[in-house]
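File shown: target-v9.cif. Contents: mmCIF, C-alpha atoms.
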```
data_model
#
loop_
_atom_site.label_atom_id
_atom_site.label_comp_id
_atom_site.auth_asym_id
_atom_site.auth_seq_id
_atom_site.Cartn_x
_atom_site.Cartn_y
_atom_site.Cartn_z
CA MET A 25 0.00 0.00 0.00
CA ALA A 26 1.31 3.39 -0.97
CA ARG A 27 2.14 5.75 1.83
CA ARG A 28 -0.48 8.39 2.14
CA GLU A 29 0.79 11.88 1.51
CA THR A 30 0.04 14.38 4.25
CA PRO A 31 -2.61 16.65 2.81
CA GLU A 32 -1.64 20.28 2.42
CA ILE A 33 -3.25 22.64 4.87
CA ASN A 34 -5.69 24.85 3.10
CA ALA A 35 -4.37 28.36 3.44
CA GLY A 36 -7.11 29.97 1.41
CA SER A 37 -8.88 31.26 4.46
CA MET A 38 -5.80 33.11 5.68
CA ALA A 39 -6.80 35.95 3.39
CA ASP A 40 -10.16 36.09 5.07
CA ILE A 41 -8.50 36.32 8.44
CA ALA A 42 -6.30 39.16 7.25
CA PHE A 43 -9.26 40.98 5.80
CA LEU A 44 -11.19 40.49 8.98
CA LEU A 45 -8.37 42.04 10.96
CA LEU A 46 -8.10 44.91 8.51
CA ILE A 47 -11.81 45.62 8.63
CA PHE A 48 -11.89 45.33 12.41
CA PHE A 49 -9.24 47.99 12.77
CA LEU A 50 -10.80 50.14 10.10
CA VAL A 51 -14.05 50.18 12.02
CA THR A 52 -12.67 50.61 15.51
CA THR A 53 -10.12 53.34 14.88
CA THR A 54 -11.65 56.72 15.33
CA MET A 55 -9.81 59.57 13.85
CA ASP A 56 -10.63 62.68 15.78
CA VAL A 57 -12.74 64.87 13.63
CA ASP A 58 -11.92 68.38 14.59
CA SER A 59 -14.98 70.24 15.54
CA GLY A 60 -15.56 73.40 17.42
CA ILE A 61 -17.62 76.46 18.00
CA SER A 62 -16.93 78.68 15.07
CA LYS A 63 -16.56 82.37 15.62
CA LYS A 64 -15.90 85.27 13.38
CA LEU A 65 -13.71 87.91 14.86
CA SER A 66 -14.56 91.49 14.16
CA GLU A 67 -12.16 93.40 12.03
CA LYS A 68 -9.75 95.75 13.67
CA PRO A 69 -11.44 99.14 13.80
CA PRO A 70 -9.57 102.06 12.28
CA LYS A 71 -8.08 104.55 14.71
CA ASP A 72 -10.67 107.25 14.27
CA TYR A 73 -13.59 104.85 14.41
CA VAL A 74 -16.59 106.07 16.35
CA PRO A 75 -18.75 103.18 17.48
CA PRO A 76 -22.40 103.61 16.56
CA VAL A 77 -24.80 104.46 19.31
CA ILE A 78 -26.82 101.41 20.23
CA LYS A 79 -29.91 101.62 22.35
CA GLU A 80 -29.49 100.01 25.71
CA LYS A 81 -32.56 97.86 25.20
CA ASN A 82 -31.03 96.19 22.16
CA ILE A 83 -28.07 94.91 24.12
CA PHE A 84 -28.26 91.73 26.11
CA GLU A 85 -25.47 91.87 28.59
CA VAL A 86 -23.89 88.72 29.92
CA ASN A 87 -21.12 89.04 32.47
CA ILE A 88 -19.06 86.19 33.80
CA ASN A 89 -16.87 86.87 36.79
CA ARG A 90 -13.70 85.12 37.84
CA ASN A 91 -15.61 82.73 40.06
CA ASN A 92 -17.53 81.56 37.00
CA GLU A 93 -20.74 83.18 38.16
CA MET A 94 -23.00 84.76 35.64
CA LEU A 95 -24.73 88.09 35.65
CA VAL A 96 -27.34 88.61 32.96
CA GLU A 97 -28.79 92.09 32.50
CA GLY A 98 -27.71 92.94 36.02
CA GLU A 99 -29.11 89.88 37.72
CA THR A 100 -27.47 86.62 38.65
CA MET A 101 -28.62 83.69 36.60
CA GLN A 102 -27.94 79.99 36.40
CA LEU A 103 -26.66 78.48 33.19
CA GLU A 104 -29.83 76.46 32.70
CA ASP A 105 -31.95 79.60 32.43
CA LEU A 106 -29.72 81.42 29.99
CA LYS A 107 -31.17 79.84 26.86
CA GLU A 108 -34.76 80.81 27.71
CA ALA A 109 -33.76 84.34 28.64
CA THR A 110 -31.81 84.71 25.40
CA ILE A 111 -34.67 83.45 23.29
CA LYS A 112 -37.01 85.87 25.02
CA PHE A 113 -34.64 88.73 24.30
CA ILE A 114 -33.92 87.94 20.65
CA ASP A 115 -37.48 87.04 19.78
CA ASN A 116 -39.04 90.05 21.45
CA GLY A 117 -39.63 92.10 18.31
CA GLY A 118 -40.72 95.28 20.07
CA GLY A 119 -40.00 97.74 17.29
CA GLU A 120 -38.69 98.39 13.81
CA GLY A 121 -35.86 96.42 12.27
CA LYS A 122 -32.55 97.65 10.99
CA VAL A 123 -32.34 99.70 7.81
CA VAL A 124 -30.59 97.63 5.14
CA ASP A 125 -29.51 99.41 1.95
CA GLY A 126 -31.88 102.27 2.65
CA VAL A 127 -34.86 99.97 3.06
CA SER A 128 -36.30 99.47 6.49
CA THR A 129 -36.94 95.84 7.34
CA GLY A 130 -39.93 96.93 9.36
CA PRO A 131 -41.28 95.24 12.44
CA CYS A 132 -40.49 91.58 12.98
CA ASP A 133 -43.43 89.64 11.56
CA TYR A 134 -42.13 86.19 12.47
CA CYS A 135 -41.27 86.89 16.08
CA GLN A 136 -43.41 85.34 18.74
CA GLY A 137 -42.04 87.27 21.67
CA ALA A 138 -43.77 89.56 24.12
CA ARG A 139 -43.15 92.68 22.00
CA SER A 140 -42.13 94.50 25.10
CA GLN A 141 -40.92 98.08 24.70
CA THR A 142 -38.05 97.52 27.08
CA SER A 143 -36.46 94.61 25.21
CA SER A 144 -34.96 94.24 21.74
CA ASP A 145 -36.55 95.83 18.69
CA HIS A 146 -35.80 93.19 16.10
CA PRO A 147 -33.62 90.06 15.92
CA ASN A 148 -31.30 91.83 13.48
CA LYS A 149 -30.77 94.60 16.01
CA ALA A 150 -30.42 92.40 19.06
CA ILE A 151 -26.84 92.28 20.20
CA ILE A 152 -25.53 89.87 22.76
CA SER A 153 -22.51 91.13 24.57
CA VAL A 154 -20.46 88.69 26.57
CA GLN A 155 -18.00 90.13 28.98
CA SER A 156 -15.78 87.88 30.97
CA ASP A 157 -12.99 88.36 33.40
CA ARG A 158 -9.45 87.43 32.50
CA GLY A 159 -9.59 84.85 35.24
CA THR A 160 -12.77 83.20 34.03
CA GLU A 161 -12.41 79.56 33.25
CA TYR A 162 -12.41 78.78 29.53
CA GLY A 163 -14.82 75.90 30.07
CA MET A 164 -17.41 78.25 31.53
CA TYR A 165 -16.93 80.69 28.68
CA ILE A 166 -17.57 77.93 26.15
CA LYS A 167 -20.64 76.79 28.06
CA VAL A 168 -22.10 80.27 27.90
CA GLN A 169 -21.32 80.61 24.20
CA ASN A 170 -22.92 77.24 23.65
CA GLU A 171 -26.13 78.23 25.44
CA LEU A 172 -26.34 81.42 23.39
CA LEU A 173 -25.87 79.50 20.16
CA LYS A 174 -28.49 77.02 21.30
CA ALA A 175 -30.98 79.85 21.60
CA TYR A 176 -30.30 80.88 18.01
CA THR A 177 -30.64 77.30 16.83
CA VAL A 178 -34.02 76.96 18.53
CA LEU A 179 -35.29 80.12 16.88
CA ARG A 180 -33.91 79.27 13.46
CA ASN A 181 -35.34 75.78 13.62
CA ARG A 182 -38.71 77.14 14.58
CA LEU A 183 -38.77 79.62 11.73
CA ALA A 184 -37.60 77.05 9.18
CA LEU A 185 -40.22 74.57 10.36
CA GLU A 186 -42.93 77.18 10.01
CA LYS A 187 -41.86 78.35 6.58
CA TYR A 188 -40.50 75.28 4.87
CA ASN A 189 -41.58 72.39 7.10
CA VAL A 190 -38.00 71.31 7.72
CA SER A 191 -35.77 72.22 10.58
CA TYR A 192 -32.90 74.58 9.92
CA ASN A 193 -30.34 71.89 10.63
CA GLU A 194 -31.80 69.64 7.96
CA LEU A 195 -32.05 72.57 5.59
CA GLU A 196 -28.40 73.36 6.10
CA ASP A 197 -27.37 69.74 5.68
CA SER A 198 -29.22 69.36 2.43
CA TYR A 199 -27.73 72.61 1.20
CA LYS A 200 -24.27 71.36 2.02
CA LYS A 201 -24.88 68.23 -0.01
CA ASP A 202 -26.31 70.16 -2.91
CA SER A 203 -24.53 73.49 -2.83
CA LYS A 204 -25.54 74.40 -6.38
CA ASN A 205 -29.20 74.49 -5.47
CA GLU A 206 -30.25 78.14 -5.62
CA GLU A 207 -33.58 77.56 -3.97
CA LEU A 208 -32.05 75.91 -0.96
CA LYS A 209 -29.45 78.63 -0.74
CA LYS A 210 -32.15 81.28 -0.65
CA LYS A 211 -33.95 79.48 2.13
CA VAL A 212 -30.82 79.05 4.22
CA GLU A 213 -29.84 82.67 3.74
CA PHE A 214 -33.30 83.85 4.61
CA VAL A 215 -33.40 81.98 7.90
CA LYS A 216 -29.86 83.07 8.68
CA ALA A 217 -30.68 86.70 7.99
CA SER A 218 -33.87 86.52 9.99
CA TYR A 219 -32.00 85.50 13.10
CA PRO A 220 -28.43 86.69 12.57
CA GLN A 221 -25.99 85.66 15.26
CA ILE A 222 -24.68 88.85 16.76
CA ILE A 223 -22.55 87.83 19.69
CA SER A 224 -19.81 90.21 20.60
CA ASP A 225 -17.05 89.58 23.05
CA ALA A 226 -16.34 92.65 25.05
CA GLU A 227 -12.84 93.25 26.24
CA PRO A 228 -12.38 91.32 29.46
CA THR A 229 -12.10 93.02 32.76
CA SER A 230 -8.89 92.45 34.57
CA VAL A 231 -8.26 92.86 38.22
CA ASN A 232 -4.52 92.63 38.43
CA MET B 12 -0.53 0.39 -22.37
CA SER B 13 -1.00 1.78 -19.01
CA LYS B 14 0.35 5.04 -20.33
CA PHE B 15 -2.71 5.64 -22.41
CA GLY B 16 -5.21 4.08 -20.15
CA LYS B 17 -4.46 6.50 -17.36
CA LYS B 18 -7.35 8.22 -15.76
CA LYS B 19 -7.51 11.93 -16.35
CA LYS B 20 -6.08 13.82 -13.40
CA PRO B 21 -8.40 16.35 -11.73
CA MET B 22 -7.54 20.00 -12.17
CA PRO B 23 -5.21 21.05 -9.35
CA ALA B 24 -6.64 23.75 -7.10
CA VAL B 25 -5.06 27.16 -7.47
CA ASN B 26 -2.72 27.74 -4.61
CA THR B 27 -4.16 30.55 -2.56
CA ALA B 28 -1.55 30.51 0.12
CA SER B 29 0.00 33.74 -1.10
CA LEU B 30 -3.25 35.68 -0.98
CA PRO B 31 -2.76 36.75 2.63
CA ASP B 32 0.67 37.97 1.67
CA ILE B 33 -0.85 40.18 -0.95
CA VAL B 34 -3.39 41.56 1.51
CA PHE B 35 -0.75 42.18 4.12
CA MET B 36 1.42 43.89 1.57
CA LEU B 37 -1.46 46.21 0.73
CA LEU B 38 -2.01 46.85 4.40
CA PHE B 39 1.63 47.69 4.98
CA PHE B 40 1.78 49.85 1.89
CA PHE B 41 -1.06 52.01 3.14
CA MET B 42 0.30 52.03 6.66
CA VAL B 43 3.61 53.33 5.44
CA THR B 44 2.29 55.88 2.97
CA THR B 45 -0.41 57.49 5.11
CA VAL B 46 0.97 60.49 6.87
CA MET B 47 -0.79 61.61 9.97
CA ARG B 48 0.38 64.99 11.00
CA GLU B 49 1.03 64.70 14.64
CA THR B 50 2.58 67.47 16.62
CA ASP B 51 4.49 66.79 19.74
CA LEU B 52 2.57 68.31 22.55
CA LYS B 53 4.69 70.35 24.87
CA ILE B 54 1.68 71.07 26.99
CA GLU B 55 -0.46 68.56 28.79
CA ASN B 56 -3.04 67.04 26.52
CA PRO B 57 -5.86 69.56 26.75
CA THR B 58 -9.24 68.42 27.98
CA LEU B 59 -11.45 70.02 25.42
CA PRO B 60 -14.72 71.54 26.57
CA ASN B 61 -17.97 69.94 25.58
CA ALA B 62 -20.50 71.72 23.46
CA THR B 63 -23.54 70.84 21.43
CA GLU B 64 -23.53 73.58 18.83
CA VAL B 65 -20.32 72.59 17.14
CA LYS B 66 -19.43 72.76 13.49
CA LYS B 67 -17.06 70.41 11.79
CA LEU B 68 -13.86 71.91 10.59
CA GLU B 69 -13.67 71.61 6.88
CA HIS B 70 -10.61 71.82 4.66
CA LYS B 71 -8.14 70.38 7.11
CA SER B 72 -5.20 71.64 5.12
CA LEU B 73 -6.29 75.21 5.77
CA VAL B 74 -6.44 74.88 9.52
CA SER B 75 -3.69 76.13 11.78
CA THR B 76 -3.88 74.95 15.34
CA ILE B 77 -2.92 76.77 18.50
CA TYR B 78 -2.76 74.79 21.71
CA VAL B 79 -3.33 76.29 25.11
CA GLY B 80 -2.80 74.50 28.39
CA LYS B 81 -0.42 73.81 31.21
CA ALA B 82 3.19 73.03 30.35
CA LYS B 83 4.37 69.46 30.72
CA ASP B 84 7.76 70.71 31.69
CA LYS B 85 7.42 71.87 35.28
CA LYS B 86 10.43 74.18 34.88
CA LEU B 87 8.35 76.48 32.72
CA GLY B 88 6.14 77.25 35.66
CA ALA B 89 2.42 77.06 36.21
CA GLY B 90 -0.17 78.99 34.30
CA ASP B 91 -1.38 78.80 30.74
CA LYS B 92 1.12 78.22 28.00
CA ILE B 93 0.61 78.62 24.31
CA GLN B 94 2.04 76.15 21.88
CA LEU B 95 2.62 77.05 18.25
CA ASN B 96 3.99 74.31 16.04
CA ASP B 97 6.42 72.51 18.34
CA LYS B 98 7.38 75.32 20.65
CA ILE B 99 5.96 77.03 23.67
CA ALA B 100 5.46 80.62 22.66
CA SER B 101 4.09 83.91 23.86
CA PRO B 102 1.03 85.67 22.44
CA ASP B 103 3.33 87.97 20.49
CA ASP B 104 4.54 85.05 18.40
CA VAL B 105 1.03 84.38 17.13
CA THR B 106 1.40 87.03 14.44
CA ALA B 107 4.53 85.43 13.04
CA PHE B 108 2.95 82.00 13.26
CA ILE B 109 -0.08 83.06 11.23
CA LEU B 110 2.07 84.84 8.63
CA ASN B 111 4.20 81.74 8.34
CA GLU B 112 1.14 79.53 7.89
CA ARG B 113 -0.10 81.91 5.22
CA SER B 114 3.12 81.86 3.28
CA GLN B 115 2.71 78.12 2.85
CA ARG B 116 -0.60 78.48 1.08
CA SER B 117 -1.58 80.19 -2.09
CA GLU B 118 -2.98 83.68 -2.01
CA ALA B 119 -6.43 82.55 -3.07
CA GLU B 120 -6.79 80.31 -0.08
CA HIS B 121 -6.01 82.91 2.55
CA PRO B 122 -9.58 84.01 3.20
CA TYR B 123 -10.59 80.43 3.92
CA MET B 124 -7.91 79.76 6.46
CA THR B 125 -9.19 78.96 9.89
CA THR B 126 -7.43 79.08 13.20
CA SER B 127 -8.40 76.41 15.64
CA ILE B 128 -7.75 77.02 19.30
CA LYS B 129 -7.45 73.86 21.32
CA ALA B 130 -7.55 75.03 24.86
CA ASP B 131 -7.91 73.22 28.11
CA VAL B 132 -11.15 73.77 30.03
CA GLU B 133 -9.22 75.08 32.95
CA SER B 134 -7.24 77.71 31.11
CA SER B 135 -8.32 81.28 31.58
CA VAL B 136 -10.23 83.46 29.16
CA GLY B 137 -7.51 86.09 29.41
CA THR B 138 -5.03 83.94 27.51
CA ILE B 139 -7.59 83.23 24.83
CA THR B 140 -8.36 86.92 24.54
CA ASP B 141 -4.68 87.74 24.08
CA ILE B 142 -4.55 85.28 21.19
CA LYS B 143 -7.77 86.62 19.74
CA LEU B 144 -6.47 90.18 19.76
CA LYS B 145 -3.32 89.10 17.94
CA LEU B 146 -5.37 87.18 15.40
CA ARG B 147 -7.54 90.20 14.83
CA ASP B 148 -4.49 92.39 14.29
CA VAL B 149 -3.12 90.07 11.67
CA GLY B 150 -6.50 89.63 10.03
CA ALA B 151 -7.06 85.95 10.66
CA LEU B 152 -10.71 86.34 11.47
CA LYS B 153 -12.02 82.83 11.11
CA LEU B 154 -11.75 81.12 14.41
CA SER B 155 -12.85 77.81 15.78
CA LEU B 156 -12.87 77.10 19.47
CA SER B 157 -12.25 73.41 19.48
CA SER B 158 -14.69 71.43 21.56
CA ARG B 159 -15.98 67.94 21.63
CA LYS B 160 -19.42 67.30 20.28
CA LEU B 161 -21.82 66.36 22.98
CA THR B 162 -25.03 64.80 21.84
CA GLU B 163 -27.72 66.13 24.02
CA VAL B 164 -30.22 63.88 25.67
CA LYS B 165 -33.62 64.61 24.26
CA GLN B 166 -35.63 66.56 26.73
#
```

What would the structure in this file look like if it were written as structure tokens?
Amino acid sequence: MARRETPEINAGSMADIAFLLLIFFLVTTTMDVDSGISKKLSEKPPKDYVPPVIKEKNIFEVNINRNNEMLVEGETMQLEDLKEATIKFIDNGGGEGKVVDGVSTGPCDYCQGARSQTSSDHPNKAIISVQSDRGTEYGMYIKVQNELLKAYTVLRNRLALEKYNVSYNELEDSYKKDSKNEELKKKVEFVKASYPQIISDAEPTSVN
Amino acid sequence: MSKFGKKKKPMPAVNTASLPDIVFMLLFFFMVTTVMRETDLKIENPTLPNATEVKKLEHKSLVSTIYVGKAKDKKLGAGDKIQLNDKIASPDDVTAFILNERSQRSEAEHPYMTTSIKADVESSVGTITDIKLKLRDVGALKLSLSSRKLTEVKQ
């Protein structure tokens, strides 16, 4: 009887093992996607620049002291209440809007606020001024910025839902995917212009 | 006789033993050729703040990063330190840093350049403001305050 040859080990599945490893690592590795709160700095004013006079009622003042406590319009406030207060302020719509290219935008017809005479006239006039101390913790500063941005998102979403039946976030996403679409662009710009983000960082106070 | 009467041999199976080698070679090729820009951190790895309203940074090649945090090297003392490229620097160096970053890109791309500040939650706003003022002076107005995306629990 002939001696049986030892059968060769089937190595065909080695490739599968290698692929499996490759795919496993592909899926589990997360590459940090950089994300952050985007801000646009104001341009450096020329030397002889006279700042425009802004009515007190159109400014929403947020102060953060070095102990990370917050003062909003002269009263202490907790972080949880900031969003509501901001929405109330922006969405007040108590008067006429800003004059753009010689045309007055008129009163805010999409605002649902209290239309109080002592709060902001129009979302495009409402300025949020954040003043922090040099010693304020950066984390707190970001939290405040985040709450303010949240307020804008709520308002923009509400307006977009009313007008176009989609939330602003979805609108923006679909515009990003299809950036040639003029109609979408118009919609996005409209919502953006209706509630423009006007957050200014005042020069910080310093004690030492 | 027997020569002709032989049964036909079955087709031998293709040897696939070298397939894993090919796959591994591909794997190694990509491992070697991918470059991940990694800067040596001279400061302690910053704990980024959490936020919900974050935007993704697009065009990674147009982003210049400034790190803010405590120095790893205790000799440099406590307090916030700024790291530009691989060195600890002062706010005054920010201008040169931005100009240097600009010179590496074409003129047309300058308006789209973004500065990303990766700062530790515990650093102070004062340091950030110093950087911001320098950025404003040099005209690098697009800024991103790096923070981790926090998905909010539905209320």

inquiry  = Which residues are near A:Pro228? Cut-off 6 Å, only C-alpha atoms, ignore same chain within fewer than 4 positions. Put them as a count of residues only.
reply    = 4

message = Which residues, named as in the file, does the PyMOL selection byres ((chain B) within 7 of (chain A)) pick out? Answer as a VMD selection string.
response = chain B and resid 27 to 28 30 to 31 34 60 62 to 68 132 to 137 147 to 148 152 to 159

query = Between A:Asn205, A:Thr129, A:Asn189, A:Ser153, which has the minimum distance to A:Ala217 (counting all atoms listed in the file)?
reply =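 Between A:Asn205, A:Thr129, A:Asn189, A:Ser153, the residue approaching A:Ala217 most closely is A:Thr129.
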
task = Please indicate the distance in Å from atom CA of A:Gln136 to atom CA of A:Asn116, rounded to one decimal place.
result =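 Answer for the atom CA of A:Gln136 to atom CA of A:Asn116 separation: 7.0 Å.
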
query = For B:Gly80, which residue out of B:Gln94, B:Ser127, B:Ser114, B:Thr162 is the nearest one, using all atoms listed in the file?
reply =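 Among B:Gln94, B:Ser127, B:Ser114, B:Thr162, it is B:Gln94 that comes nearest to B:Gly80.
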
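Relative to atom CA of B:Gly90, atom CA of B:Asp103 is found at 16.8 Å.
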
message = I need the output of the PyMOL selection byres ((chain A and resi 140) around 9) for this file as a ChimeraX atom specification; which residues are they?
response = /A:116-119,137-139,141-145

key: Nearby residues (only C-alpha atoms) at most 12 Å from B:Ile93, same-chain spacing under 2 positions excluded, as a count of residues only   = 38

message = So the first atom is atom CA of A:Val124 and the second is atom CA of A:Val212; what is the distance between them in Å, to one decimal place?
response =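 Value for the atom CA of A:Val124-atom CA of A:Val212 distance: 18.6 Å.
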
task = I would like the residues chosen by the PyMOL selection byres ((chain B and resi 75) around 8) on the shown file; could you give them as a list of chain:residue names?
result = B:Leu73, B:Val74, B:Thr76, B:Ile77, B:Ile109, B:Glu112, B:Met124, B:Thr125, B:Thr126, B:Ser127

With 8 Å added on each side, what axis-aligned box encloses every listed atom of stretch 150-159 of chain B? Give the centre and edge lengths in Å to one decimal, as JSON.
```
{"center_x": -11.2, "center_y": 78.8, "center_z": 15.8, "size_x": 25.5, "size_y": 37.7, "size_z": 27.6}
```

key: Residue nearest B:Pro122 among B:Thr140, B:Leu110, B:Gly150, B:Val43 (counting all atoms listed in the file)   =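 Closest residue, counting all atoms listed in the file: B:Gly150.
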